[in-house]
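*Asks:* Coordinates in start-v4.pdb, PDB, C-alpha atoms and all ligand atoms, are listed below.
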ATOM      1  CA  MET A1380       0.000   0.000   0.000  1.00  0.00           C
ATOM      2  CA  THR A1381       1.544   3.312  -1.137  1.00  0.00           C
ATOM      3  CA  THR A1382       0.229   6.479   0.513  1.00  0.00           C
ATOM      4  CA  LYS A1383       0.858   9.879  -1.005  1.00  0.00           C
ATOM      5  CA  ILE A1384      -0.194  13.291   0.340  1.00  0.00           C
ATOM      6  CA  ARG A1385      -0.639  16.147  -2.130  1.00  0.00           C
ATOM      7  CA  VAL A1386      -1.386  19.841  -1.586  1.00  0.00           C
ATOM      8  CA  VAL A1387      -3.637  20.950  -4.447  1.00  0.00           C
ATOM      9  CA  THR A1388      -4.814  24.344  -5.635  1.00  0.00           C
ATOM     10  CA  SER A1389      -7.412  23.068  -8.099  1.00  0.00           C
ATOM     11  CA  LEU A1390      -9.439  19.922  -8.606  1.00  0.00           C
ATOM     12  CA  SER A1391     -10.074  18.005 -11.813  1.00  0.00           C
ATOM     13  CA  ASP A1392     -13.570  16.726 -12.670  1.00  0.00           C
ATOM     14  CA  ALA A1393     -12.438  13.186 -11.785  1.00  0.00           C
ATOM     15  CA  GLU A1394     -11.134  14.362  -8.375  1.00  0.00           C
ATOM     16  CA  ILE A1395     -14.396  16.235  -7.726  1.00  0.00           C
ATOM     17  CA  GLN A1396     -16.352  13.099  -8.537  1.00  0.00           C
ATOM     18  CA  ARG A1397     -14.233  10.933  -6.218  1.00  0.00           C
ATOM     19  CA  LEU A1398     -14.309  13.491  -3.378  1.00  0.00           C
ATOM     20  CA  GLY A1399     -18.090  13.726  -3.853  1.00  0.00           C
ATOM     21  CA  GLU A1400     -18.386   9.942  -3.459  1.00  0.00           C
ATOM     22  CA  MET A1401     -16.276  10.122  -0.319  1.00  0.00           C
ATOM     23  CA  LEU A1402     -18.369  12.919   1.207  1.00  0.00           C
ATOM     24  CA  VAL A1403     -21.562  10.952   0.507  1.00  0.00           C
ATOM     25  CA  ALA A1404     -19.990   7.832   2.084  1.00  0.00           C
ATOM     26  CA  VAL A1405     -18.939   9.552   5.322  1.00  0.00           C
ATOM     27  CA  VAL A1406     -22.308  11.327   5.641  1.00  0.00           C
ATOM     28  CA  GLU A1407     -24.129   8.001   5.080  1.00  0.00           C
ATOM     29  CA  ALA A1408     -21.858   6.470   7.748  1.00  0.00           C
ATOM     30  CA  GLY A1409     -23.168   9.077  10.220  1.00  0.00           C
ATOM     31  CA  ALA A1410     -20.413  11.717  10.352  1.00  0.00           C
ATOM     32  CA  SER A1411     -21.380  15.303  11.178  1.00  0.00           C
ATOM     33  CA  VAL A1412     -19.647  17.288   8.453  1.00  0.00           C
ATOM     34  CA  GLY A1413     -22.253  19.875   7.513  1.00  0.00           C
ATOM     35  CA  TYR A1414     -24.646  17.667   5.549  1.00  0.00           C
ATOM     36  CA  LEU A1415     -27.496  15.327   6.459  1.00  0.00           C
ATOM     37  CA  PRO A1416     -28.205  11.990   4.767  1.00  0.00           C
ATOM     38  CA  PRO A1417     -29.341  11.260   2.147  1.00  0.00           C
ATOM     39  CA  LEU A1418     -26.773  13.474   0.433  1.00  0.00           C
ATOM     40  CA  ASP A1419     -27.204  13.778  -3.311  1.00  0.00           C
ATOM     41  CA  ALA A1420     -24.030  13.185  -5.371  1.00  0.00           C
ATOM     42  CA  SER A1421     -24.599  16.425  -7.292  1.00  0.00           C
ATOM     43  CA  VAL A1422     -24.812  18.441  -4.050  1.00  0.00           C
ATOM     44  CA  ALA A1423     -21.618  16.811  -2.792  1.00  0.00           C
ATOM     45  CA  GLN A1424     -19.807  17.597  -6.053  1.00  0.00           C
ATOM     46  CA  GLN A1425     -21.081  21.174  -5.951  1.00  0.00           C
ATOM     47  CA  TYR A1426     -19.455  21.555  -2.538  1.00  0.00           C
ATOM     48  CA  TRP A1427     -16.059  20.412  -3.870  1.00  0.00           C
ATOM     49  CA  ARG A1428     -16.300  22.733  -6.866  1.00  0.00           C
ATOM     50  CA  GLY A1429     -16.263  25.684  -4.459  1.00  0.00           C
ATOM     51  CA  VAL A1430     -13.486  24.544  -2.125  1.00  0.00           C
ATOM     52  CA  CYS A1431     -10.310  25.861  -3.777  1.00  0.00           C
ATOM     53  CA  LYS A1432      -9.716  29.454  -2.621  1.00  0.00           C
ATOM     54  CA  PRO A1433      -6.553  31.447  -1.890  1.00  0.00           C
ATOM     55  CA  GLU A1434      -7.118  31.214   1.885  1.00  0.00           C
ATOM     56  CA  VAL A1435      -7.726  27.444   1.878  1.00  0.00           C
ATOM     57  CA  LEU A1436      -5.008  24.826   1.791  1.00  0.00           C
ATOM     58  CA  LEU A1437      -6.432  21.555   0.477  1.00  0.00           C
ATOM     59  CA  LEU A1438      -4.663  18.241   1.064  1.00  0.00           C
ATOM     60  CA  LEU A1439      -5.522  14.959  -0.622  1.00  0.00           C
ATOM     61  CA  ALA A1440      -4.362  11.534   0.553  1.00  0.00           C
ATOM     62  CA  GLU A1441      -4.049   8.868  -2.113  1.00  0.00           C
ATOM     63  CA  VAL A1442      -3.687   5.168  -1.490  1.00  0.00           C
ATOM     64  CA  ASP A1443      -2.364   3.283  -4.503  1.00  0.00           C
ATOM     65  CA  GLY A1444      -3.519   6.181  -6.700  1.00  0.00           C
ATOM     66  CA  GLU A1445      -7.066   6.442  -5.290  1.00  0.00           C
ATOM     67  CA  ILE A1446      -8.152   9.456  -3.213  1.00  0.00           C
ATOM     68  CA  ALA A1447      -8.825   8.008   0.233  1.00  0.00           C
ATOM     69  CA  GLY A1448      -8.817  11.070   2.490  1.00  0.00           C
ATOM     70  CA  THR A1449      -8.683  14.841   2.604  1.00  0.00           C
ATOM     71  CA  VAL A1450      -8.399  17.796   4.963  1.00  0.00           C
ATOM     72  CA  GLN A1451      -8.459  21.586   4.675  1.00  0.00           C
ATOM     73  CA  LEU A1452      -6.665  24.384   6.494  1.00  0.00           C
ATOM     74  CA  GLU A1453      -8.498  27.699   6.370  1.00  0.00           C
ATOM     75  CA  LEU A1454      -6.063  30.550   6.957  1.00  0.00           C
ATOM     76  CA  ALA A1455      -7.420  33.383   9.109  1.00  0.00           C
ATOM     77  CA  THR A1456      -7.203  36.615   7.095  1.00  0.00           C
ATOM     78  CA  LYS A1457      -7.700  39.237   9.827  1.00  0.00           C
ATOM     79  CA  ALA A1458      -4.682  41.474  10.393  1.00  0.00           C
ATOM     80  CA  ASN A1459      -4.278  40.271  13.979  1.00  0.00           C
ATOM     81  CA  ALA A1460      -4.818  36.586  13.226  1.00  0.00           C
ATOM     82  CA  ARG A1461      -2.205  35.668  10.668  1.00  0.00           C
ATOM     83  CA  HIS A1462      -0.787  33.089  13.099  1.00  0.00           C
ATOM     84  CA  ARG A1463      -4.061  31.187  13.239  1.00  0.00           C
ATOM     85  CA  ALA A1464      -5.878  28.664  11.022  1.00  0.00           C
ATOM     86  CA  GLU A1465      -8.923  26.403  11.231  1.00  0.00           C
ATOM     87  CA  VAL A1466      -8.867  22.727  10.330  1.00  0.00           C
ATOM     88  CA  ASN A1467     -11.933  21.755   8.317  1.00  0.00           C
ATOM     89  CA  ARG A1468     -13.439  18.704   6.680  1.00  0.00           C
ATOM     90  CA  LEU A1469     -11.013  16.014   7.710  1.00  0.00           C
ATOM     91  CA  LEU A1470     -12.494  13.022   5.891  1.00  0.00           C
ATOM     92  CA  VAL A1471     -11.178   9.512   5.495  1.00  0.00           C
ATOM     93  CA  ASP A1472     -13.204   7.188   3.277  1.00  0.00           C
ATOM     94  CA  PRO A1473     -14.908   4.622   5.569  1.00  0.00           C
ATOM     95  CA  LYS A1474     -13.158   1.764   3.776  1.00  0.00           C
ATOM     96  CA  TYR A1475      -9.745   3.293   4.625  1.00  0.00           C
ATOM     97  CA  GLN A1476     -10.477   4.336   8.216  1.00  0.00           C
ATOM     98  CA  ARG A1477      -8.416   3.152  11.180  1.00  0.00           C
ATOM     99  CA  GLN A1478      -5.353   2.525   9.008  1.00  0.00           C
ATOM    100  CA  GLY A1479      -3.417   5.625  10.051  1.00  0.00           C
ATOM    101  CA  LEU A1480      -4.501   7.867   7.180  1.00  0.00           C
ATOM    102  CA  GLY A1481      -6.122  10.528   9.369  1.00  0.00           C
ATOM    103  CA  ARG A1482      -2.924  10.758  11.395  1.00  0.00           C
ATOM    104  CA  VAL A1483      -0.757  11.071   8.272  1.00  0.00           C
ATOM    105  CA  LEU A1484      -3.048  13.776   6.848  1.00  0.00           C
ATOM    106  CA  MET A1485      -2.963  15.792  10.073  1.00  0.00           C
ATOM    107  CA  GLU A1486       0.822  15.482  10.353  1.00  0.00           C
ATOM    108  CA  ALA A1487       1.166  16.782   6.783  1.00  0.00           C
ATOM    109  CA  LEU A1488      -1.299  19.595   7.494  1.00  0.00           C
ATOM    110  CA  GLU A1489       0.624  20.656  10.596  1.00  0.00           C
ATOM    111  CA  SER A1490       3.892  20.747   8.622  1.00  0.00           C
ATOM    112  CA  GLU A1491       2.268  22.956   5.985  1.00  0.00           C
ATOM    113  CA  ALA A1492       0.780  25.194   8.685  1.00  0.00           C
ATOM    114  CA  LYS A1493       4.195  25.696  10.280  1.00  0.00           C
ATOM    115  CA  VAL A1494       5.753  26.624   6.941  1.00  0.00           C
ATOM    116  CA  LEU A1495       3.027  29.267   6.590  1.00  0.00           C
ATOM    117  CA  GLY A1496       3.660  30.591  10.114  1.00  0.00           C
ATOM    118  CA  ARG A1497       0.272  29.348  11.373  1.00  0.00           C
ATOM    119  CA  THR A1498       1.170  28.250  14.886  1.00  0.00           C
ATOM    120  CA  LEU A1499      -2.294  28.110  16.454  1.00  0.00           C
ATOM    121  CA  LEU A1500      -4.727  25.616  14.930  1.00  0.00           C
ATOM    122  CA  HIS A1501      -8.344  25.111  15.958  1.00  0.00           C
ATOM    123  CA  LEU A1502     -11.291  22.930  14.972  1.00  0.00           C
ATOM    124  CA  ASP A1503     -14.579  21.592  16.261  1.00  0.00           C
ATOM    125  CA  THR A1504     -16.270  18.224  16.076  1.00  0.00           C
ATOM    126  CA  ARG A1505     -19.564  16.737  17.259  1.00  0.00           C
ATOM    127  CA  GLU A1506     -19.764  15.848  20.933  1.00  0.00           C
ATOM    128  CA  GLY A1507     -19.542  12.102  21.481  1.00  0.00           C
ATOM    129  CA  ASP A1508     -18.206  11.208  18.008  1.00  0.00           C
ATOM    130  CA  THR A1509     -15.141   8.969  17.715  1.00  0.00           C
ATOM    131  CA  SER A1510     -13.420  11.923  16.018  1.00  0.00           C
ATOM    132  CA  ASN A1511     -12.941  13.263  19.584  1.00  0.00           C
ATOM    133  CA  ASP A1512     -10.830  10.185  20.377  1.00  0.00           C
ATOM    134  CA  PHE A1513      -8.903  10.787  17.170  1.00  0.00           C
ATOM    135  CA  TYR A1514      -8.079  14.450  17.937  1.00  0.00           C
ATOM    136  CA  ARG A1515      -7.138  13.719  21.541  1.00  0.00           C
ATOM    137  CA  SER A1516      -4.855  10.923  20.341  1.00  0.00           C
ATOM    138  CA  GLN A1517      -3.118  13.465  18.072  1.00  0.00           C
ATOM    139  CA  GLY A1518      -2.349  15.872  20.924  1.00  0.00           C
ATOM    140  CA  TRP A1519      -5.238  18.321  20.553  1.00  0.00           C
ATOM    141  CA  THR A1520      -6.523  20.107  23.674  1.00  0.00           C
ATOM    142  CA  GLU A1521     -10.225  20.449  24.384  1.00  0.00           C
ATOM    143  CA  ALA A1522     -11.263  24.101  24.839  1.00  0.00           C
ATOM    144  CA  GLY A1523     -14.962  23.639  25.556  1.00  0.00           C
ATOM    145  CA  MET A1524     -18.335  22.618  24.199  1.00  0.00           C
ATOM    146  CA  ILE A1525     -21.256  24.561  22.736  1.00  0.00           C
ATOM    147  CA  PRO A1526     -24.601  22.751  23.019  1.00  0.00           C
ATOM    148  CA  MET A1527     -27.240  22.547  20.276  1.00  0.00           C
ATOM    149  CA  TRP A1528     -24.705  23.354  17.549  1.00  0.00           C
ATOM    150  CA  ALA A1529     -25.890  21.194  14.654  1.00  0.00           C
ATOM    151  CA  ARG A1530     -28.833  19.006  13.733  1.00  0.00           C
ATOM    152  CA  SER A1531     -28.318  15.268  13.468  1.00  0.00           C
ATOM    153  CA  SER A1532     -30.042  12.921  11.024  1.00  0.00           C
ATOM    154  CA  GLY A1533     -32.257  11.798  13.933  1.00  0.00           C
ATOM    155  CA  GLY A1534     -33.514  15.376  14.431  1.00  0.00           C
ATOM    156  CA  SER A1535     -31.736  16.215  17.705  1.00  0.00           C
ATOM    157  CA  LEU A1536     -29.501  19.271  18.123  1.00  0.00           C
ATOM    158  CA  ASP A1537     -26.021  18.056  19.079  1.00  0.00           C
ATOM    159  CA  GLY A1538     -23.218  19.894  20.812  1.00  0.00           C
ATOM    160  CA  THR A1539     -19.839  20.558  19.270  1.00  0.00           C
ATOM    161  CA  VAL A1540     -16.477  20.357  21.051  1.00  0.00           C
ATOM    162  CA  PHE A1541     -13.760  22.892  20.238  1.00  0.00           C
ATOM    163  CA  TYR A1542     -10.099  21.840  20.175  1.00  0.00           C
ATOM    164  CA  TYR A1543      -6.837  23.689  19.672  1.00  0.00           C
ATOM    165  CA  LYS A1544      -3.198  22.807  19.104  1.00  0.00           C
ATOM    166  CA  VAL A1545      -0.186  25.086  19.432  1.00  0.00           C
ATOM    167  CA  LEU A1546       2.554  24.103  16.999  1.00  0.00           C
ATOM    168  CA  GLU A1547       6.107  24.250  18.321  1.00  0.00           C
TER     169      GLU A1547
HETATM  170  C1  LIG B1601     -11.949  10.927  12.354  1.00  0.00           C
HETATM  171  C2  LIG B1601     -11.217  10.306  11.168  1.00  0.00           C
HETATM  172  C3  LIG B1601     -10.715  11.384  10.244  1.00  0.00           C
HETATM  173  C4  LIG B1601     -10.033   9.479  11.691  1.00  0.00           C
HETATM  174  O1  LIG B1601      -9.283   9.007  10.565  1.00  0.00           O
HETATM  175  P1  LIG B1601      -8.609   7.546  10.563  1.00  0.00           P
HETATM  176  O2  LIG B1601      -7.738   7.473   9.371  1.00  0.00           O
HETATM  177  O3  LIG B1601      -9.656   6.529  10.694  1.00  0.00           O
HETATM  178  O4  LIG B1601      -7.755   7.611  11.914  1.00  0.00           O
HETATM  179  P2  LIG B1601      -6.352   6.905  12.204  1.00  0.00           P
HETATM  180  O5  LIG B1601      -6.385   5.504  11.675  1.00  0.00           O
HETATM  181  O6  LIG B1601      -5.239   7.789  11.718  1.00  0.00           O
HETATM  182  O7  LIG B1601      -6.373   6.861  13.807  1.00  0.00           O
HETATM  183  C5  LIG B1601      -5.351   7.413  14.624  1.00  0.00           C
HETATM  184  C6  LIG B1601      -5.757   7.226  16.063  1.00  0.00           C
HETATM  185  O8  LIG B1601      -6.965   7.965  16.330  1.00  0.00           O
HETATM  186  C7  LIG B1601      -7.790   7.216  17.263  1.00  0.00           C
HETATM  187  N1  LIG B1601      -9.022   6.790  16.569  1.00  0.00           N
HETATM  188  C8  LIG B1601      -9.296   6.886  15.252  1.00  0.00           C
HETATM  189  N2  LIG B1601     -10.532   6.408  14.983  1.00  0.00           N
HETATM  190  C9  LIG B1601     -11.028   5.988  16.167  1.00  0.00           C
HETATM  191  C10 LIG B1601     -12.247   5.376  16.544  1.00  0.00           C
HETATM  192  N3  LIG B1601     -13.216   5.113  15.638  1.00  0.00           N
HETATM  193  N4  LIG B1601     -12.442   5.077  17.836  1.00  0.00           N
HETATM  194  C11 LIG B1601     -11.499   5.325  18.765  1.00  0.00           C
HETATM  195  N5  LIG B1601     -10.295   5.915  18.473  1.00  0.00           N
HETATM  196  C12 LIG B1601     -10.067   6.234  17.188  1.00  0.00           C
HETATM  197  C13 LIG B1601      -6.960   5.993  17.664  1.00  0.00           C
HETATM  198  O9  LIG B1601      -6.161   6.366  18.780  1.00  0.00           O
HETATM  199  C14 LIG B1601      -6.097   5.788  16.426  1.00  0.00           C
HETATM  200  O10 LIG B1601      -4.895   5.100  16.673  1.00  0.00           O
HETATM  201  P3  LIG B1601      -4.927   3.463  16.665  1.00  0.00           P
HETATM  202  O11 LIG B1601      -5.672   3.030  15.437  1.00  0.00           O
HETATM  203  O12 LIG B1601      -3.463   3.115  16.641  1.00  0.00           O
HETATM  204  O13 LIG B1601      -5.632   3.061  17.915  1.00  0.00           O
HETATM  205  C15 LIG B1601     -12.151   9.322  10.392  1.00  0.00           C
HETATM  206  O14 LIG B1601     -12.730   8.428  11.293  1.00  0.00           O
HETATM  207  C16 LIG B1601     -13.238  10.017   9.607  1.00  0.00           C
HETATM  208  O15 LIG B1601     -13.056  10.456   8.475  1.00  0.00           O
HETATM  209  N6  LIG B1601     -14.450  10.111  10.188  1.00  0.00           N
HETATM  210  C17 LIG B1601     -15.606  10.659   9.480  1.00  0.00           C
HETATM  211  C18 LIG B1601     -15.483  12.132   9.244  1.00  0.00           C
HETATM  212  C19 LIG B1601     -15.276  12.909  10.520  1.00  0.00           C
HETATM  213  O16 LIG B1601     -15.932  12.695  11.521  1.00  0.00           O
HETATM  214  N7  LIG B1601     -14.324  13.849  10.443  1.00  0.00           N
HETATM  215  C20 LIG B1601     -14.017  14.740  11.512  1.00  0.00           C
HETATM  216  C21 LIG B1601     -14.941  15.887  11.390  1.00  0.00           C
HETATM  217  S1  LIG B1601     -14.405  17.227  12.390  1.00  0.00           S
END
Would you mind writing the file out in structure tokens?
Ligand SMILES: CC(C)(COP(=O)(O)OP(=O)(O)OC[C@H]1O[C@@H](n2cnc3c(N)ncnc32)[C@H](O)[C@@H]1OP(=O)(O)O)[C@@H](O)C(=O)NCCC(=O)NCCS

*Replies:*
Amino acid sequence: MTTKIRVVTSLSDAEIQRLGEMLVAVVEAGASVGYLPPLDASVAQQYWRGVCKPEVLLLLAEVDGEIAGTVQLELATKANARHRAEVNRLLVDPKYQRQGLGRVLMEALESEAKVLGRTLLHLDTREGDTSNDFYRSQGWTEAGMIPMWARSSGGSLDGTVFYYKVLE
């Protein structure tokens, strides 16, 4: 198994299609990433068409040539926040999960962040999800929780937990 991480500034139609499939798969598997199931493939692709922007660093993880994971770093643009960035949409295709890909993606993202002088990273994730275990295992610190943040597929309003990491 060969894993490759790429930073991309644009996406081909084939990459958009594959990323769309992956977004649908993680939403169907129950992840809270902004969409509710059932997620239409065309809506998922539309999302990826709008992702590449100057303030967003997009990383793709490929396993044996197939896109298997992705993550984004959104660079804060305010004059007093150029040391800060938000981690968004960390997704590993369900069939590749628990094989170390999330860890590799986050390590690559942190290296890129450091190069860009972004030394404070932050993110949030749904309370109770296994993603909390993932972020804690990668050295992230919990900052607090906001209740009733996002609707779940079952109709309830779930809390979100905020995390941060200071890069040395
Ligand atoms: C969260 C996510 C990105 C983790 O990616 P992954 O490639 O499966 O994670 P890794 O294999 O790199 O796991 C690294 C460590 O994180 C922890 N971890 C990961 N998944 C876990 C789980 N389901 N339960 C408990 N701990 C977990 C473990 O400590 C693991 O190390 P180990 O396998 O040696 O025990 C992935 O599950 C995912 O895409 N989930 C759906 C989308 C999502 O929720 N994204 C986050 C939104 S903010």

*Asks:* Within 7 Å of (-5.3, 26.3, 3.3) (coordinates as in the file), grab all the protein and nucleic acid residues, counting only C-alpha atoms, and write them out as a tab-separated table (two decimals) with C-alpha atoms, keeping the file's coordinate frame.

*Replies:*
chain	number	residue	atom	x	y	z
A	1434	GLU	CA	-7.12	31.21	1.88
A	1435	VAL	CA	-7.73	27.44	1.88
A	1436	LEU	CA	-5.01	24.83	1.79
A	1437	LEU	CA	-6.43	21.56	0.48
A	1451	GLN	CA	-8.46	21.59	4.68
A	1452	LEU	CA	-6.66	24.38	6.49
A	1453	GLU	CA	-8.50	27.70	6.37
A	1454	LEU	CA	-6.06	30.55	6.96

*Asks:* Under the PyMOL selection byres (((chain A and resi 1422) around 12) and not hetatm), which residues of this model are included? Write them out as a list of chain:residue names.

*Replies:*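 On the file shown, the PyMOL selection byres (((chain A and resi 1422) around 12) and not hetatm) covers A:Ile1395, A:Gln1396, A:Leu1398, A:Gly1399, A:Glu1400, A:Leu1402, A:Val1403, A:Gly1413, A:Tyr1414, A:Leu1415, A:Pro1416, A:Pro1417, A:Leu1418, A:Asp1419, A:Ala1420, A:Ser1421, A:Ala1423, A:Gln1424, A:Gln1425, A:Tyr1426, A:Trp1427, A:Arg1428, A:Gly1429.
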
*Asks:* Can you spell out as a PyMOL selection string the set of residues that the PyMOL selection byres (((not hetatm)) within 10 of (chain B and resi 1601)) selects in the structure I just provided?

*Replies:* chain A and resi 1401-1402+1404-1413+1447-1450+1466-1486+1502-1505+1508-1517+1539-1541

*Asks:* Can you list, as a PyMOL selection string, the residues that the PyMOL selection byres (((chain A and resi 1525) around 8) and not hetatm) selects here?

*Replies:* chain A and resi 1523-1524+1526-1528+1538-1540

*Asks:* Distance atom CA of Glu1445 of chain A-atom CA of Met1380 of chain A, one decimal place?

*Replies:* 10.9 Å

*Asks:* If you measure from atom CA of Trp1519 of chain A to atom CA of Ala1458 of chain A, what distance in Å do you get, rounded to one decimal?

*Replies:*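 So the two atoms, atom CA of Trp1519 of chain A and atom CA of Ala1458 of chain A, lie 25.3 Å apart.
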
*Asks:* Here is a test: counting only C-alpha atoms, which residue of A:Thr1498, A:Gly1507, A:Gly1534, A:Pro1433 is nearest to Thr1456 of chain A?

*Replies:*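 Comparing A:Thr1498, A:Gly1507, A:Gly1534, A:Pro1433 against Thr1456 of chain A, the winner is A:Pro1433.
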
*Asks:* Just to confirm, what's the straight-line distance from atom CA of Thr1382 of chain A to atom CA of Ala1440 of chain A in Å (one decimal)?

*Replies:*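 Here the two named atoms are 6.8 Å from each other.
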
*Asks:* For His1462 of chain A, which of A:Ser1531, A:Leu1499, A:Lys1432, A:Asp1443 is the closest residue, counting all atoms listed in the file?

*Replies:*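 Checking each of A:Ser1531, A:Leu1499, A:Lys1432, A:Asp1443 against His1462 of chain A, counting all atoms listed in the file, the winner is A:Leu1499.
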
*Asks:* Applying 9 Å and all atoms listed in the file, which residues near Arg1497 of chain A remain after dropping the ones on its own chain fewer than 6 positions away? List them as a PyMOL selection string.

*Replies:* chain A and resi 1454-1455+1461-1464+1489+1491+1546
